[in-house]
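S.K.: Can you read through this structure? Questions will come right after.
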Amino acid sequence: MVLAAMLGAVAARAATATNAPVKGDAKMETATFAAGCFWGVEAEFRDVKGVKETAVGYTGGAVPNPTYAQVCTHATGHAEGVEVQFDPLVVSYEQLLAVFWNMHDPTQVNRQGPDIGDNYRSAIFCHTPEQLKAAKASMEKLQQSGKFGDRKIATQVVPAAPFYRAEEYHQRYLEKHGRARCHN
C-alpha cells in the first residue's frame with residue numbers, strides 16, 4: 001500500500017516536474033541525483049555517452065527558488081543536485097544509476113568527503129514509477145553485494161521534487177576552472 005502511494009506521488013510529481021526535452025528532442029528523459037558537491041557530480045555525468053545536458057541546482061527541500069547561500073544554512077532542506085537530460089537509446093537509466101553508485105560513498109549520512117551537511121546527502125529523485133522501481137532495485141542489489149560490509153546505504157530514493165537551477169557561476173564549475181575533480 002505504501003509503495004502504491006509512493007508510485008502515485010511519483011506519477012503526480014512527474015507530470016509537473018521539469019521534465020522538458022532538450023531542444024525539441026522528444027526522446028530525451030530526465031534523471032536527478034544528489035551525491036555530495038554538485039560540481040563533481042555534474043562533471044561525472046557530463047562524461048557519460050548519451051547524456052545530452054546537465055544542470056546543477058537545489059531539490060528536495062521546502063523553500064522555493066533558494067540561493068546557494070540559503071541552501072548552505074541547512075535551513076531549506078534542499079540537496080545539491082544534478083538534473084541529467086539523457087537519450088535512453090544511448091544510455092539507460094540503469095547505467096546512470098551505476099555511475100551514481102560508483103561516484104560516491106552512499107553509506108555516508110549528510111556528507112561526502114570533506115563536505116558536511118544535509119545539502120550534501122545522497123539521494124535519487126525519481127521522475128517516473130519505472131525510475132523509482134529501478135532505483136530501489138539497484139540500491140537493494142548493491143546493499144546485498146556486500147561491497148560496504150555492515151554499513152547500510154543511506155541514499156534516499158524519493159519522488160522528484162521541484163528542481164531549482166543554481167546560479168550560473170555553479171553551472172559547469174569545474175570545467176570553467178580547468179579542474180577535473182572537486183578535491184584534487
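All residue names refer to the C-alpha cells as shown: chains lettered A, B, ... in order, residues numbered from 1 in each chain, ligands numbered from 1 in order.
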Would you kindly return, as a list in words, each protein, DNA or RNA residue with an atom no farther than 12 Å from any atom of stretch 150-153 of chain A, considering only C-alpha atoms and excluding same-chain residues fewer than 5 positions away?
M.R.: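 Contacts, in chain order: Trp101, His104, Asp105, Pro106, Thr107, Gln108, Val109, Asn110, Arg121, Ser122, Ala123, Lys136, Ser138, Met139, Glu140, Lys141, Leu142, Gln143, Gln144 and Ser145 of chain A.
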S.K.: Any chance you could export the current selection's C-alpha atoms as a PDB file, in the first residue's frame?
M.R.:
```pdb
ATOM      1  CA  TRP A 101      26.627   4.477  -7.138  1.00  0.00           C
ATOM      2  CA  HIS A 104      30.375   8.450  -4.119  1.00  0.00           C
ATOM      3  CA  ASP A 105      30.028   6.607  -0.820  1.00  0.00           C
ATOM      4  CA  PRO A 106      26.285   6.103  -0.425  1.00  0.00           C
ATOM      5  CA  THR A 107      26.688   4.915   3.185  1.00  0.00           C
ATOM      6  CA  GLN A 108      27.642   8.372   4.431  1.00  0.00           C
ATOM      7  CA  VAL A 109      24.817  10.362   6.005  1.00  0.00           C
ATOM      8  CA  ASN A 110      24.659  14.051   5.069  1.00  0.00           C
ATOM      9  CA  ARG A 121      23.226  13.975   1.150  1.00  0.00           C
ATOM     10  CA  SER A 122      22.956  11.048  -1.234  1.00  0.00           C
ATOM     11  CA  ALA A 123      19.583  10.922  -2.985  1.00  0.00           C
ATOM     12  CA  LYS A 136      15.152   0.764  -5.336  1.00  0.00           C
ATOM     13  CA  SER A 138      19.700  -1.212  -7.795  1.00  0.00           C
ATOM     14  CA  MET A 139      20.107   0.007  -4.201  1.00  0.00           C
ATOM     15  CA  GLU A 140      18.954  -3.347  -2.820  1.00  0.00           C
ATOM     16  CA  LYS A 141      21.288  -5.248  -5.159  1.00  0.00           C
ATOM     17  CA  LEU A 142      24.228  -3.040  -4.140  1.00  0.00           C
ATOM     18  CA  GLN A 143      23.438  -3.448  -0.431  1.00  0.00           C
ATOM     19  CA  GLN A 144      23.240  -7.230  -0.826  1.00  0.00           C
ATOM     20  CA  SER A 145      26.529  -7.313  -2.742  1.00  0.00           C
TER      21      SER A 145
END
```
S.K.: Can you list, as a list of chain:residue names, all residues belonging to stretch 40-151 of chain A that DSSP tags as strand (DSSP E)?
M.R.: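 Output for stretch 40-151 of chain A, strand (DSSP E) only: A:Val51, A:Lys52, A:Glu53, A:Thr54, A:Ala55, A:Val56, A:Gly57, A:Tyr58, A:Thr59, A:Ala79, A:Glu80, A:Gly81, A:Val82, A:Glu83, A:Val84, A:Gln85, A:Phe86, A:Arg111, A:Gln112, A:Asp115, A:Ile116, A:Ser122, A:Ala123, A:Ile124, A:Phe125, A:Cys126.
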S.K.: For each of A:Gly149, A:Pro159, A:Pro88, A:Gly77, take the minimum atom-to-atom distance to A:Gly61, counting only C-alpha atoms, then give the residue where this is smallest.
M.R.: A:Gly77
S.K.: Please identify all polymer residues within 10 Å of A:Glu167, counting only C-alpha atoms, omitting same-chain residues fewer than 6 positions from it, and present them as a list in words.
M.R.: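 The contact residues come out as Val56, Gly57, Pro66, Thr67 and Tyr68 of chain A.
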S.K.: Check stretch 75-161 of chain A with DSSP on the backbone and list each residue it calls alpha helix (DSSP H), as a ChimeraX atom specification.
M.R.: /A:93-103,129-144
S.K.: So that I can see what lies close to A:Val158, please list as a PyMOL selection string the residues with an atom at most 7 Å from it, counting only C-alpha atoms and leaving out residues fewer than 3 positions away in the same chain.
M.R.: chain A and resi 124-126
S.K.: So that I can see what lies close to stretch 172-181 of chain A, please list as a ChimeraX atom specification the residues with an atom at most 12 Å from it, counting only C-alpha atoms and leaving out residues fewer than 2 positions away in the same chain.
M.R.: /A:37-47,53-57,82,103,166-170,183-184
S.K.: Would you put the residues from that selection into a file with C-alpha atoms, as a short mmCIF file (atom, residue, chain, number, x, y, z; two decimals), in the first residue's frame?
M.R.:
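Output contents, as saved in out.cif:
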```
data_model
loop_
_atom_site.label_atom_id
_atom_site.label_comp_id
_atom_site.auth_asym_id
_atom_site.auth_seq_id
_atom_site.Cartn_x
_atom_site.Cartn_y
_atom_site.Cartn_z
CA CYS A 37 29.03 18.64 -4.02
CA PHE A 38 27.14 19.14 -7.26
CA TRP A 39 30.22 20.32 -9.16
CA GLY A 40 31.83 16.88 -9.12
CA VAL A 41 28.55 15.04 -9.67
CA GLU A 42 27.84 17.15 -12.74
CA ALA A 43 31.33 16.53 -14.13
CA GLU A 44 30.91 12.75 -13.73
CA PHE A 45 27.58 12.71 -15.58
CA ARG A 46 28.80 15.04 -18.33
CA ASP A 47 31.34 12.37 -19.29
CA GLU A 53 22.72 18.17 -20.89
CA THR A 54 23.23 18.66 -17.17
CA ALA A 55 22.30 21.40 -14.73
CA VAL A 56 23.23 21.81 -11.09
CA GLY A 57 20.65 23.04 -8.65
CA VAL A 82 22.18 17.45 -10.76
CA MET A 103 30.92 8.16 -7.86
CA ALA A 166 21.60 27.02 -9.27
CA GLU A 167 23.24 30.33 -10.02
CA GLU A 168 25.05 30.44 -13.36
CA TYR A 169 28.53 30.52 -11.83
CA HIS A 170 27.88 27.00 -10.48
CA HIS A 183 39.15 17.69 -4.33
CA ASN A 184 42.31 17.48 -6.45
#
```
S.K.: Please compute the atom CA of A:Glu80-atom CA of A:Gly146 distance, one decimal, in Å.
M.R.: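 Between atom CA of A:Glu80 and atom CA of A:Gly146 the gap is 27.8 Å.
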